[in-house]
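Colleague: The following file, target18.txt, comprises compact mmCIF, C-alpha atoms:
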# COMPACT_ATOMS: atom_id res chain seq x y z
CA MET A 1 -24.91 -83.27 -25.01
CA ALA A 2 -25.08 -79.57 -24.37
CA GLY A 3 -21.28 -79.33 -24.24
CA ASP A 4 -20.97 -80.46 -27.84
CA ASP A 5 -22.50 -77.19 -29.02
CA GLN A 6 -19.84 -75.08 -27.32
CA PRO A 7 -16.93 -73.82 -29.43
CA PRO A 8 -13.61 -75.29 -28.31
CA ASP A 9 -11.85 -73.21 -25.71
CA PRO A 10 -8.69 -71.86 -27.38
CA ARG A 11 -6.92 -72.00 -24.04
CA THR A 12 -7.30 -75.75 -23.93
CA ALA A 13 -5.91 -76.11 -27.43
CA ALA A 14 -3.05 -73.77 -26.63
CA ARG A 15 -2.04 -75.65 -23.51
CA ARG A 16 -2.38 -79.02 -25.21
CA ALA A 17 -0.16 -77.91 -28.10
CA LEU A 18 2.61 -76.97 -25.73
CA THR A 19 2.31 -80.06 -23.60
CA ASP A 20 2.44 -82.27 -26.69
CA THR A 21 5.50 -80.40 -27.88
CA GLN A 22 7.28 -80.82 -24.59
CA VAL A 23 6.58 -84.55 -24.57
CA MET A 24 7.76 -84.83 -28.15
CA PHE A 25 10.88 -82.87 -27.32
CA GLU A 26 11.88 -85.10 -24.44
CA GLU A 27 11.34 -88.28 -26.44
CA TRP A 28 12.73 -87.13 -29.77
CA SER A 29 15.45 -89.30 -31.31
CA GLY A 30 15.36 -88.18 -34.93
CA ASP A 31 16.84 -85.31 -36.89
CA LEU A 32 17.27 -82.20 -34.81
CA PHE A 33 16.41 -79.80 -37.59
CA GLU A 34 13.20 -81.70 -38.14
CA LEU A 35 12.57 -81.28 -34.44
CA VAL A 36 13.00 -77.54 -34.74
CA GLU A 37 10.51 -77.44 -37.58
CA THR A 38 8.01 -79.52 -35.64
CA ALA A 39 8.52 -77.49 -32.49
CA SER A 40 8.10 -74.29 -34.47
CA ASN A 41 4.80 -75.49 -35.87
CA ALA A 42 3.62 -76.45 -32.41
CA ILE A 43 4.63 -73.09 -31.02
CA ARG A 44 2.78 -71.33 -33.78
CA ALA A 45 -0.31 -73.44 -33.07
CA HIS A 46 -0.01 -72.52 -29.44
CA ALA A 47 0.46 -68.88 -30.22
CA ASP A 48 -2.56 -68.93 -32.52
CA GLY A 49 -4.64 -70.41 -29.73
CA THR A 50 -3.42 -67.74 -27.36
CA PHE A 51 -4.17 -65.07 -29.92
CA ALA A 52 -7.67 -66.40 -30.31
CA TYR A 53 -8.21 -66.15 -26.60
CA LEU A 54 -6.70 -62.71 -26.32
CA GLN A 55 -8.79 -61.44 -29.20
CA ASN A 56 -11.85 -62.70 -27.37
CA VAL A 57 -10.79 -60.63 -24.38
CA LEU A 58 -11.25 -57.60 -26.59
CA ASP A 59 -14.86 -58.51 -27.13
CA PRO A 60 -17.13 -55.76 -25.74
CA ALA A 61 -18.79 -58.33 -23.50
CA SER A 62 -15.54 -59.13 -21.74
CA SER A 63 -14.25 -57.25 -18.72
CA PRO A 64 -10.85 -56.49 -17.21
CA SER A 65 -11.49 -59.06 -14.54
CA ASP A 66 -11.71 -61.75 -17.24
CA TRP A 67 -8.35 -60.69 -18.46
CA VAL A 68 -6.80 -60.54 -15.01
CA LYS A 69 -8.08 -63.98 -14.12
CA ASP A 70 -7.30 -65.83 -17.30
CA GLY A 71 -5.42 -63.72 -19.78
CA LEU A 72 -2.39 -62.88 -17.73
CA ALA A 73 -2.04 -66.39 -16.38
CA LEU A 74 -2.22 -67.83 -19.87
CA TRP A 75 0.17 -65.28 -21.27
CA VAL A 76 2.79 -65.88 -18.61
CA SER A 77 2.34 -69.62 -18.93
CA CYS A 78 2.57 -69.42 -22.69
CA TYR A 79 5.81 -67.53 -22.83
CA SER A 80 7.59 -69.15 -19.98
CA ARG A 81 6.96 -72.49 -21.66
CA GLN A 82 7.85 -71.25 -25.11
CA VAL A 83 11.08 -69.70 -23.91
CA ASP A 84 11.91 -72.90 -22.08
CA LEU A 85 11.33 -74.86 -25.27
CA TYR A 86 13.39 -72.42 -27.25
CA GLU A 87 16.28 -72.63 -24.83
CA LYS A 88 16.26 -76.42 -24.93
CA THR A 89 16.23 -76.44 -28.72
CA TYR A 90 18.90 -73.79 -28.82
CA ARG A 91 21.20 -75.84 -26.61
CA LYS A 92 20.61 -78.99 -28.64
CA LEU A 93 21.35 -77.21 -31.88
CA TRP A 94 24.63 -75.75 -30.73
CA ARG A 95 25.81 -79.15 -29.52
CA LEU A 96 25.78 -80.44 -33.09
CA PRO A 97 29.25 -81.02 -34.49
CA THR A 98 30.55 -78.18 -36.59
CA SER A 99 33.17 -80.20 -38.42
CA ALA A 100 30.64 -81.93 -40.65
CA PRO A 101 30.45 -80.58 -44.19
CA GLN A 102 27.99 -77.74 -44.30
CA PRO A 103 25.38 -77.78 -47.04
CA GLN A 104 25.99 -75.33 -49.82
CA PHE A 105 23.50 -72.51 -49.80
CA SER A 106 22.82 -70.73 -52.99
CA GLY A 107 23.41 -67.11 -52.37
CA PHE A 108 26.67 -67.48 -50.53
CA ALA A 109 29.15 -69.46 -52.58
CA PHE A 110 31.39 -67.67 -54.98
CA SER A 111 34.31 -68.66 -57.10
CA GLY A 112 36.99 -66.84 -59.00
CA GLY A 113 38.86 -63.88 -57.65
CA ALA A 114 42.19 -64.99 -59.03
CA PRO A 115 43.15 -64.13 -62.59
CA PRO A 116 42.17 -64.98 -65.23
CA GLY A 117 38.72 -66.16 -64.10
CA PRO A 118 35.85 -63.75 -63.68
CA LEU A 119 34.76 -62.48 -60.30
CA GLU A 120 31.58 -64.29 -59.56
CA PHE A 121 28.63 -63.97 -57.24
CA ASP A 122 26.19 -66.81 -57.01
CA LEU A 123 22.81 -66.06 -55.48
CA ASP A 124 19.21 -67.12 -55.60
CA GLN A 125 16.18 -65.01 -56.25
CA HIS A 126 15.52 -64.50 -52.55
CA THR A 127 18.84 -62.74 -52.08
CA GLN A 128 18.53 -59.07 -51.21
CA ALA A 129 22.21 -58.48 -50.47
CA HIS A 130 25.26 -60.65 -51.01
CA ASP A 131 28.12 -60.77 -48.57
CA PRO A 132 31.10 -58.95 -50.06
CA ILE A 133 33.75 -60.80 -52.04
CA GLU A 134 37.36 -59.72 -52.28
CA LEU A 135 38.44 -57.77 -55.32
CA PRO A 136 42.05 -58.51 -56.27
CA VAL A 137 42.93 -54.83 -56.34
CA PRO A 138 45.50 -53.10 -54.12
CA ILE A 139 43.85 -50.89 -51.56
CA SER A 140 45.92 -47.99 -52.84
CA GLU A 141 43.85 -48.13 -56.03
CA PHE A 142 40.53 -48.14 -54.23
CA GLY A 143 39.63 -44.68 -55.45
CA THR A 144 40.24 -45.58 -59.10
CA ILE A 145 37.77 -48.45 -59.31
CA LYS A 146 34.81 -48.01 -61.61
CA LEU A 147 31.87 -50.39 -61.64
CA ASN A 148 29.88 -50.81 -64.84
CA PRO A 149 26.33 -52.17 -65.23
CA LEU A 150 25.90 -55.89 -65.70
CA GLU A 151 23.58 -57.22 -68.38
CA SER A 152 22.00 -60.61 -68.91
CA ASP A 153 21.59 -62.38 -72.23
CA LYS A 154 17.99 -61.17 -72.17
CA GLY A 155 19.03 -57.57 -71.76
CA ARG A 156 18.17 -57.30 -68.06
CA LYS A 157 20.53 -55.16 -66.02
CA ILE A 158 22.04 -54.91 -62.58
CA TYR A 159 23.15 -51.34 -62.06
CA PRO A 160 26.17 -49.99 -60.17
CA ARG A 161 23.89 -48.68 -57.41
CA ASN A 162 23.45 -52.33 -56.44
CA LEU A 163 27.22 -52.82 -56.21
CA ARG A 164 29.11 -51.34 -53.28
CA LEU A 165 32.84 -51.09 -52.80
CA MET A 166 34.26 -51.44 -49.31
CA THR A 167 37.60 -51.84 -47.60
CA SER A 168 38.37 -54.10 -44.69
CA ASN A 169 41.66 -55.23 -43.16
CA GLY A 170 43.62 -53.82 -46.06
CA LYS A 171 41.46 -55.55 -48.67
CA VAL A 172 39.09 -54.19 -51.27
CA LEU A 173 35.66 -55.78 -51.17
CA LEU A 174 32.70 -55.73 -53.48
CA GLY A 175 29.19 -56.30 -52.15
CA LEU A 176 25.89 -56.74 -53.89
CA VAL A 177 23.35 -54.57 -52.09
CA HIS A 178 19.72 -53.49 -51.96
CA LEU A 179 18.33 -55.95 -54.49
CA LYS A 180 14.59 -56.00 -55.03
CA PRO A 181 12.91 -58.08 -52.33
CA LYS A 182 10.69 -59.77 -54.87
CA GLY A 183 13.76 -61.13 -56.57
CA ILE A 184 15.76 -60.43 -59.66
CA PRO A 185 15.23 -62.51 -62.82
CA TYR A 186 17.40 -65.59 -62.97
CA GLY A 187 20.23 -65.97 -65.42
CA ASP A 188 23.83 -64.91 -65.88
CA TYR A 189 24.72 -61.24 -65.78
CA HIS A 190 28.00 -60.07 -67.26
CA GLY A 191 29.86 -56.82 -66.76
CA THR A 192 33.23 -55.36 -65.99
CA VAL A 193 35.14 -53.66 -63.21
CA GLU A 194 37.68 -51.05 -64.31
CA VAL A 195 40.75 -50.31 -62.21
CA GLY A 196 42.62 -47.20 -63.16
CA ARG A 197 42.79 -46.51 -66.88
CA ARG A 198 44.10 -49.78 -68.18
CA ARG A 199 42.86 -52.77 -66.28
CA THR A 200 39.47 -54.32 -66.75
CA ARG A 201 38.17 -57.33 -64.91
CA LYS A 202 35.20 -59.43 -65.90
CA LEU A 203 32.41 -59.73 -63.38
CA ARG A 204 29.71 -62.35 -63.53
CA ILE A 205 26.64 -62.65 -61.34
CA THR A 206 24.68 -65.88 -61.52
CA VAL A 207 21.11 -65.77 -60.25
CA ARG A 208 19.49 -69.14 -59.73
CA LYS A 209 15.85 -69.94 -60.09
CA ARG A 210 13.81 -69.60 -56.93
CA PRO A 211 13.24 -73.08 -55.56
CA ALA A 212 9.79 -74.55 -55.65
CA PRO A 213 7.85 -73.89 -52.42
CA MET B 214 18.88 -74.38 -50.52
CA ALA B 215 17.79 -72.46 -47.48
CA LYS B 216 14.62 -70.54 -47.99
CA PRO B 217 14.28 -67.41 -45.91
CA LEU B 218 12.07 -67.56 -42.88
CA ASP B 219 8.72 -66.02 -43.85
CA TYR B 220 6.47 -64.69 -41.08
CA GLN B 221 3.24 -62.75 -41.07
CA ASN B 222 0.63 -62.24 -38.40
CA SER B 223 -1.92 -59.66 -37.34
CA ILE B 224 -3.96 -58.69 -34.32
CA ASP B 225 -6.80 -56.32 -33.54
CA VAL B 226 -6.46 -53.75 -30.80
CA MET B 227 -8.71 -50.95 -29.61
CA VAL B 228 -7.20 -47.47 -29.62
CA ASN B 229 -8.48 -43.96 -30.16
CA SER B 230 -6.47 -43.50 -33.36
CA VAL B 231 -3.62 -45.10 -35.25
CA GLU B 232 -1.48 -42.14 -34.14
CA GLU B 233 -1.23 -43.77 -30.73
CA LEU B 234 0.61 -46.68 -32.30
CA LYS B 235 3.42 -44.64 -33.84
CA PRO B 236 5.79 -45.31 -30.94
CA ILE B 237 4.98 -49.01 -31.13
CA LEU B 238 5.85 -49.32 -34.81
CA ASP B 239 8.80 -46.94 -34.74
CA PRO B 240 12.03 -48.84 -35.50
CA ARG B 241 14.08 -46.09 -33.90
CA ARG B 242 12.74 -47.44 -30.60
CA TRP B 243 13.69 -51.06 -31.17
CA SER B 244 16.77 -50.75 -29.01
CA GLU B 245 14.68 -49.04 -26.34
CA ASN B 246 11.76 -51.48 -26.50
CA ALA B 247 13.79 -54.68 -26.82
CA PRO B 248 17.28 -53.97 -25.48
CA LEU B 249 18.20 -57.64 -25.19
CA LEU B 250 17.91 -58.03 -28.96
CA TRP B 251 18.78 -54.60 -30.26
CA LEU B 252 21.85 -52.83 -28.99
CA GLN B 253 21.37 -49.91 -31.35
CA SER B 254 18.85 -48.78 -33.94
CA TYR B 255 18.95 -45.36 -35.57
CA LEU B 256 18.38 -43.66 -38.89
CA VAL B 257 20.96 -42.40 -41.32
CA ARG B 258 19.91 -40.25 -44.24
CA ASP B 259 21.57 -42.12 -47.11
CA GLU B 260 24.61 -44.09 -48.13
CA ARG B 261 26.84 -41.02 -48.02
CA ALA B 262 26.85 -41.50 -44.25
CA LEU B 263 28.54 -44.87 -44.67
CA ALA B 264 32.27 -45.34 -44.23
CA ASP B 265 34.24 -47.39 -46.74
CA ASP B 266 35.05 -49.79 -43.93
CA PRO B 267 31.96 -51.78 -42.89
CA GLY B 268 33.52 -52.08 -39.44
CA VAL B 269 32.83 -48.40 -38.86
CA ALA B 270 29.29 -47.59 -37.74
CA PRO B 271 27.45 -45.11 -39.98
CA GLU B 272 26.92 -41.61 -38.78
CA ARG B 273 23.68 -41.12 -36.85
CA ASP B 274 21.45 -38.41 -38.25
CA GLU B 275 20.32 -36.37 -35.25
CA GLU B 276 17.60 -34.59 -37.22
CA LEU B 277 16.01 -37.88 -38.12
CA ALA B 278 16.32 -39.12 -34.55
CA ASP B 279 13.55 -36.87 -33.23
CA GLU B 280 11.57 -36.05 -36.33
CA ASP B 281 7.94 -37.14 -36.73
CA ILE B 282 8.91 -39.23 -39.68
CA TRP B 283 5.49 -40.62 -40.50
CA ASP B 284 4.16 -37.51 -42.20
CA GLU B 285 4.84 -38.58 -45.74
CA PRO B 286 6.37 -41.55 -47.55
CA ARG B 287 10.12 -41.11 -47.34
CA PRO B 288 13.09 -43.37 -47.67
CA ALA B 289 15.98 -43.56 -45.24
CA LEU B 290 18.48 -46.11 -43.98
CA LEU B 291 18.17 -47.75 -40.60
CA PHE B 292 21.31 -48.97 -38.89
CA GLU B 293 20.69 -51.75 -36.39
CA GLU B 294 23.01 -53.69 -34.15
CA VAL B 295 21.18 -56.82 -33.17
CA MET B 296 22.00 -60.02 -31.28
CA PHE B 297 20.95 -63.38 -32.68
CA GLY B 298 22.17 -66.83 -31.78
CA GLY B 299 25.07 -65.38 -29.83
CA PHE B 300 26.33 -63.32 -32.78
CA ARG B 301 26.15 -59.55 -33.14
CA TYR B 302 24.95 -58.37 -36.53
CA ARG B 303 25.48 -54.81 -37.67
CA ASN B 304 22.92 -54.40 -40.40
CA LEU B 305 21.64 -51.71 -42.70
CA LEU B 306 18.02 -51.63 -43.82
CA ALA B 307 16.42 -49.46 -46.49
CA VAL B 308 13.25 -48.18 -44.82
CA THR B 309 10.15 -46.24 -45.79
CA PHE B 310 7.62 -44.57 -43.49
CA GLU B 311 4.10 -43.96 -44.72
CA HIS B 312 1.19 -42.13 -43.20
CA GLN B 313 -0.69 -41.06 -46.27
CA THR B 314 -4.16 -41.44 -44.82
CA ALA B 315 -5.45 -40.74 -41.33
CA ASP B 316 -6.39 -44.36 -40.73
CA THR B 317 -3.11 -46.08 -41.66
CA ILE B 318 0.55 -45.91 -40.70
CA ARG B 319 3.05 -48.22 -42.27
CA PHE B 320 6.75 -48.97 -41.97
CA ARG B 321 8.46 -51.02 -44.70
CA TYR B 322 12.00 -52.27 -44.84
CA THR B 323 14.28 -54.26 -47.10
CA GLU B 324 17.84 -55.36 -46.69
CA ASP B 325 20.39 -52.85 -47.95
CA HIS B 326 23.36 -54.85 -46.79
CA CYS B 327 24.79 -56.36 -43.66
CA LEU B 328 27.98 -54.65 -42.54
CA THR B 329 29.55 -57.15 -40.16
CA THR B 330 28.96 -60.18 -37.98
CA HIS B 331 30.80 -60.18 -34.66
CA THR B 332 31.47 -63.62 -33.19
CA PRO B 333 31.85 -64.43 -29.49
CA ASP B 334 35.53 -65.24 -30.09
CA GLY B 335 36.16 -61.73 -31.37
CA GLN B 336 36.10 -62.16 -35.15
CA ASP B 337 34.46 -59.57 -37.36
CA LEU B 338 33.14 -61.12 -40.57
CA THR B 339 31.86 -59.00 -43.42
CA GLY B 340 28.19 -59.45 -44.27
CA GLY B 341 25.98 -61.88 -42.39
CA VAL B 342 22.37 -61.32 -43.44
CA ASP B 343 21.35 -61.70 -47.07
CA VAL B 344 17.57 -61.41 -46.69
CA ASP B 345 15.75 -59.10 -44.28
CA SER B 346 12.53 -57.44 -45.35
CA GLY B 347 9.00 -56.88 -44.18
CA HIS B 348 6.59 -54.34 -42.90
CA SER B 349 4.52 -53.31 -39.95
CA GLU B 350 1.21 -51.58 -40.35
CA ALA B 351 -1.59 -50.21 -38.20
CA LYS B 352 -4.84 -49.82 -40.07
CA ALA B 353 -8.17 -48.73 -38.64
CA LYS B 354 -11.10 -50.97 -39.46
CA GLY B 355 -13.01 -47.94 -40.65
CA ASP B 356 -16.33 -49.25 -39.40
CA GLY B 357 -16.84 -46.62 -36.76
CA SER B 358 -15.27 -48.76 -34.04
CA LYS B 359 -11.93 -48.11 -32.38
CA VAL B 360 -10.53 -51.36 -33.66
CA VAL B 361 -7.17 -51.13 -35.40
CA THR B 362 -5.51 -54.09 -37.09
CA ILE B 363 -1.77 -54.37 -36.62
CA THR B 364 0.01 -56.52 -39.17
CA ILE B 365 3.67 -57.40 -39.21
CA SER B 366 5.63 -59.43 -41.71
CA LYS B 367 9.25 -60.47 -41.93
CA LYS B 368 11.55 -62.48 -44.18
CA VAL B 369 15.06 -63.14 -42.98
CA ARG B 370 18.01 -65.38 -43.80
CA PHE B 371 21.44 -65.47 -42.23
CA SER B 372 24.64 -65.97 -44.20
CA GLN B 373 27.38 -65.62 -41.59
CA PRO B 374 29.18 -67.28 -39.89
CA ALA B 375 29.37 -69.73 -42.79
CA SER B 376 29.85 -72.77 -40.59
CA PHE B 377 26.71 -71.94 -38.60
CA ARG B 378 24.39 -71.02 -41.45
CA GLU B 379 22.17 -74.05 -41.35
CA ARG B 380 21.57 -74.01 -37.63
CA LEU B 381 21.19 -70.23 -37.51
CA ASN B 382 18.46 -70.39 -40.11
CA ALA B 383 16.85 -73.34 -38.36
CA LEU B 384 16.93 -71.37 -35.16
CA ALA B 385 15.37 -68.40 -36.93
CA GLU B 386 12.44 -70.60 -37.92
CA MET B 387 11.71 -70.92 -34.25
CA VAL B 388 12.87 -67.72 -32.65
CA VAL B 389 11.60 -65.12 -35.06
CA PRO B 390 7.93 -66.15 -34.86
CA LEU B 391 8.32 -66.49 -31.12
CA ALA B 392 9.75 -62.99 -30.78
CA LEU B 393 7.27 -61.37 -33.13
CA ASP B 394 4.27 -63.13 -31.63
CA HIS B 395 5.53 -62.00 -28.26
CA TRP B 396 5.76 -58.46 -29.53
CA LEU B 397 2.18 -58.59 -30.81
CA HIS B 398 0.97 -59.94 -27.50
CA THR B 399 2.76 -57.14 -25.72
CA VAL B 400 0.88 -54.64 -27.85
CA ILE B 401 -2.41 -56.23 -26.83
CA PHE B 402 -1.46 -56.02 -23.17
CA ARG B 403 -0.40 -52.43 -23.58
CA ASP B 404 -3.92 -51.79 -24.77
CA LEU B 405 -5.59 -53.79 -22.04
CA ARG B 406 -3.67 -52.05 -19.29
CA LYS B 407 -5.72 -48.97 -20.02
CA LEU B 408 -9.03 -50.69 -19.32
Could you spell out this file's structure in structure tokens?

Modeller:
Amino acid sequence: MAGDDQPPDPRTAARRALTDTQVMFEEWSGDLFELVETASNAIRAHADGTFAYLQNVLDPASSPSDWVKDGLALWVSCYSRQVDLYEKTYRKLWRLPTSAPQPQFSGFAFSGGAPPGPLEFDLDQHTQAHDPIELPVPISEFGTIKLNPLESDKGRKIYPRNLRLMTSNGKVLLGLVHLKPKGIPYGDYHGTVEVGRRRTRKLRITVRKRPAP
Amino acid sequence: MAKPLDYQNSIDVMVNSVEELKPILDPRRWSENAPLLWLQSYLVRDERALADDPGVAPERDEELADEDIWDEPRPALLFEEVMFGGFRYRNLLAVTFEHQTADTIRFRYTEDHCLTTHTPDGQDLTGGVDVDSGHSEAKAKGDGSKVVTITISKKVRFSQPASFRERLNALAEMVVPLALDHWLHTVIFRDLRKL
């Protein structure tokens, strides 16, 4: 058949991807986060199809009338449907109970803070900044705090420029900032925080291995 | 273990030169171009403009507000106030602008640190984003045509509010590609409107 030699029309694939997703969405009874992942993949497939069509519009052989007839209609259709799908997913997600135990994410949990344990960050190699933790130091001594470099057993360092002191609601906070986006080597880093002339507090930063993809 | 969302995509557009795309890639215009997402976006020169209290917005650098910042690679900080999932994030990015050759402009960013997360019930939490990096680039094909390839990439992960982390990051898996694909499509239509 002559039609078999024609490349598939990306518009057809794009529309089918969205229709399939909408059907799946209405009938879904499984895990909602899995649904989000599946819907995301479908949206990407749809977007790729739309891209393919729009790129074809840029072909020298195409004309503005092609775009007016098909491109705009597809574009509006694409995004109105995607936004609709997004809003439905969004509403379903926020209806989930919040009282259930939340999974622990590496990069957010920390322990310590009360003497005599060390202050401790716990992050993974993706982490580029760590939410601040409270330093048990009176705010009146904020200006006397000195941060020293941290060093791992292998001699790798985290420098004070990656540590930032802050104050909020009468508390002194310490944040871990501006880490390399490609990740810092995993391991334990040890250092100290000096307060005034006499007090020194241990600081430990634990960097976990990046999870397998 | 939540992995950051990781997005990359590119498109080809036809323009007279990459210079035309400077306003498109300029993060100082995010709040102007997408006001529903960005409430503010402006440059500050360095961390000396930051207050000790993350609840206080950094000082806007008026010189950097109007400067043609693409002339040479240069670092700066970008303060953004952005809505996501019903929360308002006040975030600080370390940014670099590059226009070293006539056929390429590039904007790179990495997370410096997130200042606060404002919740709908009025709480201000410190931090909130622990991964936010990427780039946008316009690069001429260099084959004598007017075709320029625009590429954008983004990694992001949310850390606040703690009780919403999982769903926020799940939502990001869906919304961020949607928003960025939409942005790329808008660029194409901007180009086509001139035909």

Colleague: Please list as JSON, numbers by chain every residue within 12 Å of stretch 151-160 of chain A, counting all atoms listed in the file and excluding residues in the same chain fewer than 6 positions away.

Modeller: {"A": [145, 174, 175, 176, 177, 178, 179, 180, 183, 184, 185, 186, 187, 188, 189, 190, 191, 192, 193, 203, 204, 205, 206, 207]}

Colleague: One decimal, in Å: what's the spacing between atom CA of B:Asn222 and atom CA of B:Pro390?

Modeller: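 Computing the Euclidean distance for atom CA of B:Asn222 and atom CA of B:Pro390 yields 9.0 Å.
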
Colleague: Would you please work out which residue, of B:Arg370, B:His312, B:Lys354, B:Arg261, is nearest to chain A when using only C-alpha atoms?

Modeller: B:Arg370

Colleague: As an exercise, work out the distance from atom CA of B:Thr330 to atom CA of A:Pro138 in Å and give it to one decimal place.

Modeller: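 For atom CA of B:Thr330 relative to atom CA of A:Pro138, the distance reads 24.2 Å.
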
Colleague: Just how far from atom CA of B:Gln373 is atom CA of B:Phe300, in Å to one decimal?

Modeller: 9.2 Å

Colleague: List every protein, DNA or RNA residue that has an atom no more than 9 Å from (-9.7, -45.0, -26.3) in the file's coordinate frame, counting all atoms listed in the file, and report them as a ChimeraX atom specification.

Modeller: /B:227-230,359,407

Colleague: Emit the selected residues as a PDB file, in the frame of the given file, including C-alpha atoms.

Modeller:
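Below is the file selection_34.pdb, written as the result:
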ATOM      1  CA  MET B 227      -8.710 -50.950 -29.610  1.00  0.00           C
ATOM      2  CA  VAL B 228      -7.200 -47.470 -29.620  1.00  0.00           C
ATOM      3  CA  ASN B 229      -8.480 -43.960 -30.160  1.00  0.00           C
ATOM      4  CA  SER B 230      -6.470 -43.500 -33.360  1.00  0.00           C
ATOM      5  CA  LYS B 359     -11.930 -48.110 -32.380  1.00  0.00           C
ATOM      6  CA  LYS B 407      -5.720 -48.970 -20.020  1.00  0.00           C
TER       7      LYS B 407
END

Colleague: Can you pull out every residue within 12 Å of B:Gly335, counting only C-alpha atoms, but drop anything in the same chain fewer than 6 positions away, and send it as a ChimeraX atom specification?

Modeller: /B:299-301,329

Colleague: Leaving out B:Thr364 and any residue of its chain fewer than 2 positions from it, which residues lie within 6 Å of it when counting all atoms listed in the file, given as a tab-separated table (two decimals) with C-alpha atoms, in the frame of the given file?

Modeller:
chain	number	residue	atom	x	y	z
B	222	ASN	CA	0.63	-62.24	-38.40
B	223	SER	CA	-1.92	-59.66	-37.34
B	349	SER	CA	4.52	-53.31	-39.95
B	350	GLU	CA	1.21	-51.58	-40.35

Colleague: Which chain B residues are at most 6 Å from chain A (counting only C-alpha atoms), as a PyMOL selection string?

Modeller: chain B and resi 214+265-266+324-326+340+343-344+387

Colleague: Mind checking which residues fall within 12 Å of A:Arg199, counting all atoms listed in the file, ignoring those fewer than 2 positions away in the same chain, and posting them as number ranges by chain?

Modeller: A: 115, 136-137, 141, 144-146, 192-197, 201-202

Colleague: Around the point (17.3, -49.4, -40.2) (coordinates from the file), which residues reach within 8 Å if we count all atoms listed in the file? Answer as a list in words.

Modeller: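 Collected hits near the coordinates: Pro240, Arg241, Ser254, Tyr255, Leu256, Val257, Ala289, Leu290, Leu291, Phe292, Glu293, Asn304, Leu305, Leu306, Ala307, Val308 and Tyr322 of chain B.
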